[in-house]
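> Hey, dropping target-v9.csv in here, CSV, C-alpha atoms and all ligand atoms:
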chain,number,residue,atom,x,y,z
A,964,MET,CA,-25.3,-38.7,-53.4
A,965,LYS,CA,-26.3,-42.4,-53.7
A,966,PHE,CA,-27.4,-44.1,-50.4
A,967,THR,CA,-28.9,-47.3,-49.2
A,968,LYS,CA,-31.5,-47.5,-46.4
A,969,MET,CA,-31.0,-50.6,-44.3
A,970,GLN,CA,-32.4,-51.9,-41.0
A,971,GLY,CA,-31.4,-54.4,-38.4
A,972,ILE,CA,-34.6,-55.4,-36.5
A,973,GLY,CA,-36.0,-52.0,-37.1
A,974,ASN,CA,-33.0,-49.9,-36.1
A,975,ASP,CA,-32.7,-48.1,-39.5
A,976,TYR,CA,-29.8,-46.1,-40.8
A,977,ILE,CA,-28.9,-44.4,-44.1
A,978,TYR,CA,-25.8,-46.1,-45.4
A,979,VAL,CA,-23.3,-44.4,-47.7
A,980,ASN,CA,-20.7,-46.3,-49.7
A,981,CYS,CA,-17.6,-44.1,-49.3
A,982,PHE,CA,-15.7,-46.2,-51.9
A,983,GLU,CA,-17.9,-44.3,-54.4
A,984,GLU,CA,-19.2,-41.2,-52.5
A,985,GLN,CA,-17.4,-38.4,-50.6
A,986,VAL,CA,-19.1,-37.1,-47.4
A,987,VAL,CA,-17.8,-33.8,-46.3
A,988,ASN,CA,-19.7,-33.0,-43.1
A,989,PRO,CA,-21.2,-36.2,-41.8
A,990,GLU,CA,-22.4,-34.7,-38.5
A,991,GLN,CA,-24.6,-32.1,-40.3
A,992,LEU,CA,-25.6,-34.5,-43.0
A,993,SER,CA,-26.9,-37.0,-40.4
A,994,VAL,CA,-29.1,-34.4,-38.8
A,995,ARG,CA,-30.5,-33.4,-42.2
A,996,LEU,CA,-31.0,-36.9,-43.7
A,997,SER,CA,-32.3,-38.6,-40.6
A,998,ASP,CA,-35.3,-36.3,-40.3
A,999,ARG,CA,-38.3,-38.5,-41.0
A,1000,ARG,CA,-40.3,-35.6,-42.6
A,1001,PHE,CA,-37.8,-33.3,-44.3
A,1002,GLY,CA,-35.1,-35.9,-45.0
A,1003,ILE,CA,-34.8,-39.6,-45.9
A,1004,GLY,CA,-35.7,-40.7,-42.4
A,1005,GLY,CA,-33.6,-42.9,-40.1
A,1006,ASP,CA,-32.0,-43.3,-36.7
A,1007,GLY,CA,-28.8,-41.9,-38.1
A,1008,LEU,CA,-26.1,-42.1,-40.8
A,1009,ILE,CA,-23.5,-44.9,-41.3
A,1010,LEU,CA,-20.4,-44.6,-43.6
A,1011,ILE,CA,-18.9,-47.7,-45.1
A,1012,MET,CA,-15.2,-46.8,-45.7
A,1013,PRO,CA,-11.8,-48.2,-46.7
A,1014,SER,CA,-9.6,-49.2,-43.8
A,1015,GLN,CA,-5.8,-49.5,-43.4
A,1016,ILE,CA,-6.1,-52.2,-40.7
A,1017,ALA,CA,-9.2,-54.2,-41.5
A,1018,ASP,CA,-11.4,-55.2,-44.5
A,1019,PHE,CA,-13.7,-52.2,-44.0
A,1020,LYS,CA,-14.3,-49.3,-41.7
A,1021,MET,CA,-17.5,-48.0,-40.1
A,1022,ARG,CA,-18.4,-44.6,-38.8
A,1023,ILE,CA,-21.8,-44.0,-37.2
A,1024,PHE,CA,-23.6,-40.7,-36.5
A,1025,ASN,CA,-26.7,-40.5,-34.4
A,1026,ALA,CA,-29.8,-38.5,-35.6
A,1027,ASP,CA,-28.6,-35.5,-33.6
A,1028,GLY,CA,-25.2,-35.6,-35.5
A,1029,SER,CA,-23.1,-36.9,-32.6
A,1030,GLU,CA,-20.6,-39.6,-33.5
A,1031,ALA,CA,-20.8,-42.9,-31.6
A,1032,MET,CA,-18.1,-45.5,-31.1
A,1033,MET,CA,-20.0,-48.5,-32.3
A,1034,CYS,CA,-23.3,-49.7,-33.7
A,1035,GLY,CA,-24.2,-53.4,-33.3
A,1036,ASN,CA,-27.1,-53.4,-35.7
A,1037,GLY,CA,-25.0,-51.4,-38.1
A,1038,THR,CA,-22.2,-54.0,-38.1
A,1039,ARG,CA,-24.6,-56.7,-39.4
A,1040,CYS,CA,-26.0,-54.4,-42.0
A,1041,ILE,CA,-22.5,-53.5,-43.3
A,1042,GLY,CA,-21.8,-57.3,-43.5
A,1043,LYS,CA,-24.8,-57.8,-45.7
A,1044,TYR,CA,-24.1,-54.7,-47.8
A,1045,VAL,CA,-20.4,-55.4,-48.6
A,1046,TYR,CA,-21.2,-59.0,-49.6
A,1047,GLU,CA,-24.3,-58.5,-51.6
A,1048,HIS,CA,-23.0,-55.3,-53.4
A,1049,GLY,CA,-19.8,-57.2,-54.4
A,1050,LEU,CA,-17.3,-55.3,-52.3
A,1051,THR,CA,-16.1,-58.7,-51.0
A,1052,ASN,CA,-16.7,-62.4,-51.5
A,1053,LYS,CA,-15.5,-63.2,-48.0
A,1054,THR,CA,-17.9,-64.5,-45.4
A,1055,HIS,CA,-15.5,-63.7,-42.5
A,1056,ILE,CA,-14.9,-60.0,-42.4
A,1057,THR,CA,-13.0,-57.6,-40.2
A,1058,LEU,CA,-14.5,-54.2,-39.5
A,1059,GLU,CA,-12.7,-51.3,-38.0
A,1060,THR,CA,-14.8,-49.1,-35.7
A,1061,ASN,CA,-14.1,-46.3,-33.3
A,1062,SER,CA,-14.0,-49.0,-30.5
A,1063,GLY,CA,-11.6,-51.4,-32.3
A,1064,ILE,CA,-11.9,-54.2,-34.9
A,1065,LYS,CA,-15.0,-56.3,-34.9
A,1066,TYR,CA,-15.2,-59.8,-36.5
A,1067,LEU,CA,-18.2,-60.7,-38.6
A,1068,GLU,CA,-19.4,-64.1,-39.8
A,1069,LEU,CA,-22.0,-64.0,-42.5
A,1070,HIS,CA,-24.6,-66.8,-42.7
A,1071,CYS,CA,-25.7,-67.1,-46.3
A,1072,THR,CA,-28.4,-68.9,-48.3
A,1073,GLY,CA,-27.3,-68.8,-51.9
A,1074,ASP,CA,-26.0,-65.3,-52.6
A,1075,GLN,CA,-28.1,-63.7,-49.8
A,1076,VAL,CA,-26.9,-62.9,-46.3
A,1077,THR,CA,-29.7,-64.1,-44.0
A,1078,SER,CA,-28.0,-63.3,-40.6
A,1079,VAL,CA,-24.7,-62.2,-39.2
A,1080,THR,CA,-22.8,-63.2,-36.1
A,1081,VAL,CA,-20.5,-60.4,-34.7
A,1082,ASP,CA,-17.7,-60.8,-32.1
A,1083,MET,CA,-18.4,-57.6,-30.3
A,1084,GLY,CA,-15.2,-57.8,-28.1
A,1085,LYS,CA,-15.1,-57.7,-24.3
A,1086,ALA,CA,-17.7,-55.9,-22.3
A,1087,ILE,CA,-16.2,-53.0,-20.3
A,1088,LEU,CA,-17.2,-52.9,-16.6
A,1089,THR,CA,-14.8,-50.4,-15.1
A,1090,PRO,CA,-16.8,-47.3,-14.3
A,1091,ARG,CA,-14.2,-44.7,-15.5
A,1092,GLU,CA,-13.9,-46.6,-18.8
A,1093,ILE,CA,-17.7,-46.7,-19.4
A,1094,PRO,CA,-17.8,-43.8,-18.4
A,1095,VAL,CA,-20.0,-43.4,-15.3
A,1096,GLU,CA,-19.1,-41.5,-12.1
A,1097,SER,CA,-18.8,-43.8,-9.2
A,1098,ASP,CA,-17.2,-43.8,-5.7
A,1099,SER,CA,-15.3,-47.1,-6.6
A,1100,GLN,CA,-13.9,-48.8,-9.7
A,1101,GLU,CA,-15.7,-52.0,-9.0
A,1102,PRO,CA,-18.4,-53.0,-11.6
A,1103,PHE,CA,-21.5,-50.7,-11.3
A,1104,VAL,CA,-24.2,-53.3,-10.6
A,1105,ALA,CA,-27.7,-52.6,-9.3
A,1106,LYS,CA,-26.6,-49.3,-7.7
A,1107,PRO,CA,-29.4,-47.0,-6.5
A,1108,VAL,CA,-29.4,-43.7,-8.4
A,1109,GLN,CA,-32.0,-40.9,-8.1
A,1110,VAL,CA,-33.4,-40.2,-11.6
A,1111,GLY,CA,-36.1,-37.5,-11.5
A,1112,ASP,CA,-38.5,-38.5,-8.8
A,1113,ARG,CA,-37.6,-42.2,-9.0
A,1114,LEU,CA,-34.9,-44.2,-7.2
A,1115,GLU,CA,-33.6,-46.5,-9.9
A,1116,ARG,CA,-31.2,-49.4,-9.7
A,1117,LEU,CA,-28.7,-49.1,-12.5
A,1118,THR,CA,-26.2,-51.5,-14.0
A,1119,CYS,CA,-23.7,-49.9,-16.3
A,1120,VAL,CA,-21.8,-51.6,-19.1
A,1121,SER,CA,-19.9,-50.4,-22.2
A,1122,VAL,CA,-19.8,-52.4,-25.4
A,1123,GLY,CA,-18.0,-49.6,-27.2
A,1124,ASN,CA,-20.9,-47.3,-26.3
A,1125,PRO,CA,-22.0,-46.5,-22.7
A,1126,HIS,CA,-25.2,-48.2,-21.5
A,1127,ALA,CA,-27.3,-48.1,-18.3
A,1128,VAL,CA,-29.6,-51.1,-17.8
A,1129,VAL,CA,-32.7,-50.9,-15.6
A,1130,PHE,CA,-34.6,-54.1,-14.7
A,1131,CYS,CA,-38.4,-53.5,-14.3
A,1132,ASP,CA,-41.8,-55.0,-15.0
A,1133,ARG,CA,-44.3,-53.8,-17.6
A,1134,VAL,CA,-41.7,-52.2,-19.9
A,1135,GLU,CA,-44.4,-51.5,-22.5
A,1136,ASP,CA,-46.2,-49.1,-20.1
A,1137,LEU,CA,-43.2,-46.8,-19.5
A,1138,ASP,CA,-43.2,-43.3,-20.9
A,1139,LEU,CA,-39.8,-43.3,-22.5
A,1140,GLU,CA,-40.2,-39.8,-24.1
A,1141,LYS,CA,-40.3,-38.5,-20.5
A,1142,LEU,CA,-37.9,-41.0,-18.8
A,1143,GLY,CA,-35.2,-41.4,-21.5
A,1144,PRO,CA,-33.8,-37.9,-21.4
A,1145,LEU,CA,-33.5,-38.0,-17.6
A,1146,PHE,CA,-31.1,-40.9,-17.9
A,1147,GLU,CA,-29.4,-39.7,-21.1
A,1148,HIS,CA,-28.4,-36.3,-19.5
A,1149,HIS,CA,-27.9,-37.5,-15.9
A,1150,ALA,CA,-24.9,-35.9,-14.2
A,1151,ILE,CA,-23.2,-39.3,-13.5
A,1152,PHE,CA,-22.8,-39.8,-17.3
A,1153,PRO,CA,-20.2,-37.4,-18.6
A,1154,ASP,CA,-20.6,-38.6,-22.2
A,1155,ARG,CA,-24.4,-39.1,-21.9
A,1156,VAL,CA,-25.8,-42.7,-22.0
A,1157,ASN,CA,-28.0,-45.2,-23.8
A,1158,THR,CA,-30.6,-46.7,-21.5
A,1159,GLU,CA,-32.2,-50.1,-21.7
A,1160,PHE,CA,-35.5,-50.9,-19.8
A,1161,VAL,CA,-35.6,-54.6,-19.3
A,1162,ARG,CA,-38.1,-57.3,-18.2
A,1163,VAL,CA,-36.8,-60.7,-17.3
A,1164,ILE,CA,-39.1,-63.2,-19.0
A,1165,ASP,CA,-37.1,-66.3,-17.9
A,1166,ASP,CA,-33.4,-67.1,-17.4
A,1167,HIS,CA,-32.8,-67.3,-21.2
A,1168,THR,CA,-35.2,-64.6,-22.4
A,1169,LEU,CA,-35.3,-60.8,-21.9
A,1170,GLN,CA,-37.6,-58.1,-23.2
A,1171,MET,CA,-36.1,-54.7,-23.8
A,1172,ARG,CA,-36.9,-51.2,-24.8
A,1173,VAL,CA,-34.2,-48.7,-25.5
A,1174,TRP,CA,-33.7,-44.9,-25.3
A,1175,GLU,CA,-30.6,-44.2,-27.4
A,1176,ARG,CA,-28.2,-41.3,-26.8
A,1177,GLY,CA,-28.6,-39.0,-29.7
A,1178,SER,CA,-31.5,-40.7,-31.4
A,1179,GLY,CA,-34.3,-41.1,-28.8
A,1180,GLU,CA,-36.4,-44.3,-28.6
A,1181,THR,CA,-35.5,-46.7,-31.4
A,1182,LEU,CA,-36.9,-50.2,-32.2
A,1183,ALA,CA,-33.7,-51.9,-31.4
A,1184,CYS,CA,-30.1,-51.4,-30.3
A,1185,GLY,CA,-27.4,-54.1,-30.9
A,1186,THR,CA,-24.9,-52.8,-28.3
A,1187,GLY,CA,-27.9,-52.3,-26.0
A,1188,ALA,CA,-28.9,-55.9,-26.3
A,1189,CYS,CA,-25.3,-57.0,-25.5
A,1190,ALA,CA,-25.1,-54.6,-22.5
A,1191,THR,CA,-28.5,-55.9,-21.3
A,1192,THR,CA,-27.3,-59.5,-21.5
A,1193,VAL,CA,-24.1,-58.7,-19.6
A,1194,ALA,CA,-26.1,-56.8,-17.0
A,1195,ALA,CA,-28.6,-59.8,-16.6
A,1196,VAL,CA,-25.6,-62.1,-16.0
A,1197,LEU,CA,-24.1,-59.7,-13.5
A,1198,ASN,CA,-27.4,-59.5,-11.6
A,1199,GLY,CA,-27.8,-63.3,-11.6
A,1200,TYR,CA,-30.9,-63.3,-13.9
A,1201,CYS,CA,-29.2,-65.3,-16.7
A,1202,PRO,CA,-26.3,-67.8,-17.0
A,1203,GLN,CA,-23.0,-66.8,-18.5
A,1204,GLY,CA,-21.8,-68.7,-21.6
A,1205,GLU,CA,-25.3,-69.6,-22.9
A,1206,PRO,CA,-27.3,-67.9,-25.7
A,1207,ILE,CA,-29.9,-65.5,-24.4
A,1208,LEU,CA,-32.8,-64.3,-26.5
A,1209,VAL,CA,-33.3,-60.6,-26.3
A,1210,LYS,CA,-36.7,-59.5,-27.6
A,1211,LEU,CA,-36.8,-55.9,-28.8
A,1212,ARG,CA,-39.6,-53.8,-30.3
A,1213,GLY,CA,-38.3,-54.5,-33.9
A,1214,GLY,CA,-37.3,-58.2,-33.5
A,1215,ASP,CA,-35.0,-60.6,-31.7
A,1216,LEU,CA,-31.3,-60.9,-31.2
A,1217,THR,CA,-29.3,-63.8,-29.7
A,1218,ILE,CA,-26.6,-62.7,-27.4
A,1219,THR,CA,-23.9,-64.8,-25.5
A,1220,TYR,CA,-21.8,-63.3,-22.8
A,1221,GLN,CA,-18.9,-65.8,-22.9
A,1222,ALA,CA,-16.8,-66.9,-19.9
A,1223,ASP,CA,-13.8,-64.9,-21.2
A,1224,GLY,CA,-15.9,-61.7,-21.2
A,1225,THR,CA,-16.4,-61.6,-25.0
A,1226,VAL,CA,-19.9,-60.8,-26.2
A,1227,MET,CA,-21.3,-62.5,-29.3
A,1228,MET,CA,-24.4,-61.2,-31.2
A,1229,THR,CA,-26.4,-62.9,-33.9
A,1230,GLY,CA,-29.3,-61.4,-35.8
A,1231,PRO,CA,-30.7,-60.4,-39.2
A,1232,ALA,CA,-30.0,-57.4,-41.5
A,1233,GLU,CA,-32.1,-56.1,-44.3
A,1234,GLU,CA,-31.8,-53.7,-47.2
A,1235,VAL,CA,-35.0,-51.5,-47.4
A,1236,PHE,CA,-34.3,-49.4,-50.6
A,1237,GLN,CA,-31.6,-47.6,-52.5
A,1238,GLY,CA,-31.9,-43.9,-53.6
A,1239,GLU,CA,-30.2,-40.8,-54.7
A,1240,ILE,CA,-30.5,-37.4,-53.1
A,1241,ASN,CA,-29.4,-33.9,-54.2
A,1242,LEU,CA,-27.3,-32.2,-51.5
V,1301,LIG,N1,-28.2,-48.5,-32.4
V,1301,LIG,C1,-26.9,-48.8,-32.2
V,1301,LIG,C2,-26.1,-47.8,-31.3
V,1301,LIG,C3,-26.0,-46.4,-31.9
V,1301,LIG,C4,-25.1,-45.4,-31.1
V,1301,LIG,C5,-25.7,-45.0,-29.8
V,1301,LIG,N2,-26.9,-44.3,-29.9
V,1301,LIG,C6,-24.7,-44.2,-29.0
V,1301,LIG,O1,-24.6,-42.9,-29.2
V,1301,LIG,O2,-23.9,-44.7,-28.2
V,1301,LIG,C7,-26.6,-50.2,-32.0
V,1301,LIG,O3,-27.3,-51.0,-32.6
V,1301,LIG,O4,-25.7,-50.6,-31.2
Taking this structure as input, can you express it in the form of structure tokens?


Amino acid sequence: MKFTKMQGIGNDYIYVNCFEEQVVNPEQLSVRLSDRRFGIGGDGLILIMPSQIADFKMRIFNADGSEAMMCGNGTRCIGKYVYEHGLTNKTHITLETNSGIKYLELHCTGDQVTSVTVDMGKAILTPREIPVESDSQEPFVAKPVQVGDRLERLTCVSVGNPHAVVFCDRVEDLDLEKLGPLFEHHAIFPDRVNTEFVRVIDDHTLQMRVWERGSGETLACGTGACATTVAAVLNGYCPQGEPILVKLRGGDLTITYQADGTVMMTGPAEEVFQGEINL
């Protein structure tokens, strides 16, 4: 099977072009190929597929084989892949995902895609739709929740995938291997959750680390950066309608939480290498 390894600010996935390849059991394949010692290595597997309702379709599987609804960094990598591999010559692309159609704008220098802006759709704030268990259906903002031996204030947002955002200082000092699973498997999240640990640098700049559902700590999460920006606006740390720089371990994303509730994400995408593996 031919594959392409790509990364969006260090969030790396194995991409398979399903116009040419057939993938029979993507859940199992993701576990096998994502292994960084016995496989190719990556945060998961992403399939680029034909769509009946958009230009292309994406399916994303975490390193543990679970399928997610969306992948922000993956959308940008797919934009770069389909353009540079000649699957399209359009610079405005529609992409079907499990959480609806996303709109990509490719920014090119010559025939290279240097960055991509994605209309991620509207942020979901209703607890039952995120989903997070709550005594009311008002937005879940800065609510105290006991997580292990710590009382944390959580803000919950879905951008296709469920996210819990925690604002704190000294994010670099946190032991995510210990903390991350306590959030991911907390009883208030029936579908598990991705968790962002965020330091407010100033009203237009955030620093974030992420523990991803199904993949553990990754260097970046696109939907996580979007959820973080929405949470920062809801908590009064950042203005709505203005670009916010989110600094992740693998690089930076620019996110705008627009007045109509839509979230826009801009950032780079890179191809790392192509290969072929015997299955
Ligand atoms: N890294 C991705 C999100 C991948 C899916 C996530 N782990 C989930 O299960 O919800 C991104 O860039 O958005």

> Hey, which residues sit close to ligand LIG 1301 (chain V)? Say within 10 Å, counting only C-alpha atoms and all ligand atoms, and write them as an NGL selection string.

:A and (970-976 or 1006-1009 or 1023-1039 or 1121-1126 or 1147 or 1154-1158 or 1173-1190)

> Compare A:Ser1099, A:Lys1085, A:Thr1072, A:Ile1003 by their minimum atom-to-atom distance to Tyr1220 of chain A, counting all atoms listed in the file, and give me the closest one.

A:Lys1085

> Between atom CA of Lys1053 of chain A and atom CA of Glu1068 of chain A, what is the distance in Å, rounded to a tenth?

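Rounded to one decimal, the two atoms are 9.1 Å apart.
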
> Neighbours of Leu1069 of chain A within 8 Å (all atoms listed in the file; same-chain residues fewer than 6 positions away dropped), as JSON, numbers by chain?

{"A": [1042, 1043, 1054, 1055, 1076, 1077, 1078, 1079, 1080]}

> Those residues with C-alpha atoms, as a PDB file, in the frame of the given file please?


ATOM      1  CA  GLY A1042     -21.800 -57.300 -43.500  1.00  0.00           C
ATOM      2  CA  LYS A1043     -24.800 -57.800 -45.700  1.00  0.00           C
ATOM      3  CA  THR A1054     -17.900 -64.500 -45.400  1.00  0.00           C
ATOM      4  CA  HIS A1055     -15.500 -63.700 -42.500  1.00  0.00           C
ATOM      5  CA  VAL A1076     -26.900 -62.900 -46.300  1.00  0.00           C
ATOM      6  CA  THR A1077     -29.700 -64.100 -44.000  1.00  0.00           C
ATOM      7  CA  SER A1078     -28.000 -63.300 -40.600  1.00  0.00           C
ATOM      8  CA  VAL A1079     -24.700 -62.200 -39.200  1.00  0.00           C
ATOM      9  CA  THR A1080     -22.800 -63.200 -36.100  1.00  0.00           C
TER      10      THR A1080
END

> Hey, which of A:Ala1194, A:Cys1071, A:Leu1050, A:Leu992 ends up closest to Leu1088 of chain A? Count only C-alpha atoms.

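Result for the nearest residue to Leu1088 of chain A: A:Ala1194.
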
> Which residue, A:Asp1166, A:Glu1205, A:Glu1115, A:Glu1140, has the smallest gap to Thr1219 of chain A when you use only C-alpha atoms?

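That would be A:Glu1205, the residue with the smallest distance to Thr1219 of chain A.
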
> A:Phe1146, A:Ile1207, A:Tyr1200, A:Val1193: which is nearest Val1163 of chain A, counting only C-alpha atoms?

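Among the listed residues, A:Tyr1200 lies closest to Val1163 of chain A.
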
> Which residue, A:Ala1086, A:Leu1114, A:Ile1056, A:Met969, has the smallest gap to Asp1223 of chain A when you use all atoms listed in the file?

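Counting all atoms listed in the file, the residue closest to Asp1223 of chain A is A:Ala1086.
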
> Enter the distance from atom CA of Ile1093 of chain A to atom CA of Ser997 of chain A, in Å, rounded to one decimal.

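That distance, rounded to one decimal, is 27.0 Å.
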
> State, in Å with one decimal place, the distance from atom CA of Glu1159 of chain A to atom CA of Gly1199 of chain A.

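So the answer is 17.2 Å.
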
> Pick out the residues sitting within 8 Å of Cys1201 of chain A, and hand them over as a list of chain:residue names; count all atoms listed in the file, and ignore anything fewer than 3 positions along from it in its own chain.

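Once the adjacent positions are removed, what remains is A:Asp1166, A:His1167, A:Thr1192, A:Ala1195, A:Val1196, A:Asn1198, A:Ile1207.
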
> Go through A:Val987, A:Val1104, A:Ala1127, A:Leu1010 and flag the residue nearest Phe1152 of chain A, using only C-alpha atoms for the distances.

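Result for the nearest residue to Phe1152 of chain A: A:Ala1127.
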
> Do you know which residues are at most 9 Å from Gly1084 of chain A counting only C-alpha atoms, after dropping those on the same chain fewer than 6 positions away, and could you put them as a PyMOL selection string?

chain A and resi 1063-1066+1122-1123+1224-1227

> Some atoms are missing, so please complete segment 1142-1153 of chain A with N, CA and C atoms and return it as a PDB file, in the coordinates of the input.


ATOM      1  N   LEU A1142     -38.948 -40.407 -19.582  1.00  0.00           N
ATOM      2  CA  LEU A1142     -37.900 -41.000 -18.800  1.00  0.00           C
ATOM      3  C   LEU A1142     -36.508 -40.974 -19.457  1.00  0.00           C
ATOM      4  N   GLY A1143     -36.496 -41.271 -20.767  1.00  0.00           N
ATOM      5  CA  GLY A1143     -35.200 -41.400 -21.500  1.00  0.00           C
ATOM      6  C   GLY A1143     -34.273 -40.266 -21.322  1.00  0.00           C
ATOM      7  N   PRO A1144     -34.722 -39.018 -21.564  1.00  0.00           N
ATOM      8  CA  PRO A1144     -33.800 -37.900 -21.400  1.00  0.00           C
ATOM      9  C   PRO A1144     -33.254 -37.695 -20.025  1.00  0.00           C
ATOM     10  N   LEU A1145     -34.020 -38.121 -18.991  1.00  0.00           N
ATOM     11  CA  LEU A1145     -33.500 -38.000 -17.600  1.00  0.00           C
ATOM     12  C   LEU A1145     -32.295 -38.840 -17.385  1.00  0.00           C
ATOM     13  N   PHE A1146     -32.282 -40.030 -18.000  1.00  0.00           N
ATOM     14  CA  PHE A1146     -31.100 -40.900 -17.900  1.00  0.00           C
ATOM     15  C   PHE A1146     -29.991 -40.369 -18.828  1.00  0.00           C
ATOM     16  N   GLU A1147     -30.370 -40.070 -20.075  1.00  0.00           N
ATOM     17  CA  GLU A1147     -29.400 -39.700 -21.100  1.00  0.00           C
ATOM     18  C   GLU A1147     -28.504 -38.503 -20.581  1.00  0.00           C
ATOM     19  N   HIS A1148     -29.147 -37.533 -19.902  1.00  0.00           N
ATOM     20  CA  HIS A1148     -28.400 -36.300 -19.500  1.00  0.00           C
ATOM     21  C   HIS A1148     -28.121 -36.284 -17.994  1.00  0.00           C
ATOM     22  N   HIS A1149     -28.201 -37.446 -17.324  1.00  0.00           N
ATOM     23  CA  HIS A1149     -27.900 -37.500 -15.900  1.00  0.00           C
ATOM     24  C   HIS A1149     -26.474 -37.110 -15.619  1.00  0.00           C
ATOM     25  N   ALA A1150     -26.263 -36.404 -14.502  1.00  0.00           N
ATOM     26  CA  ALA A1150     -24.900 -35.900 -14.200  1.00  0.00           C
ATOM     27  C   ALA A1150     -23.860 -36.971 -14.006  1.00  0.00           C
ATOM     28  N   ILE A1151     -24.256 -38.234 -13.709  1.00  0.00           N
ATOM     29  CA  ILE A1151     -23.200 -39.300 -13.500  1.00  0.00           C
ATOM     30  C   ILE A1151     -22.654 -39.794 -14.834  1.00  0.00           C
ATOM     31  N   PHE A1152     -23.257 -39.360 -15.973  1.00  0.00           N
ATOM     32  CA  PHE A1152     -22.800 -39.800 -17.300  1.00  0.00           C
ATOM     33  C   PHE A1152     -22.129 -38.678 -18.049  1.00  0.00           C
ATOM     34  N   PRO A1153     -20.798 -38.502 -17.968  1.00  0.00           N
ATOM     35  CA  PRO A1153     -20.200 -37.400 -18.600  1.00  0.00           C
ATOM     36  C   PRO A1153     -20.310 -37.354 -20.137  1.00  0.00           C
TER      37      PRO A1153
END
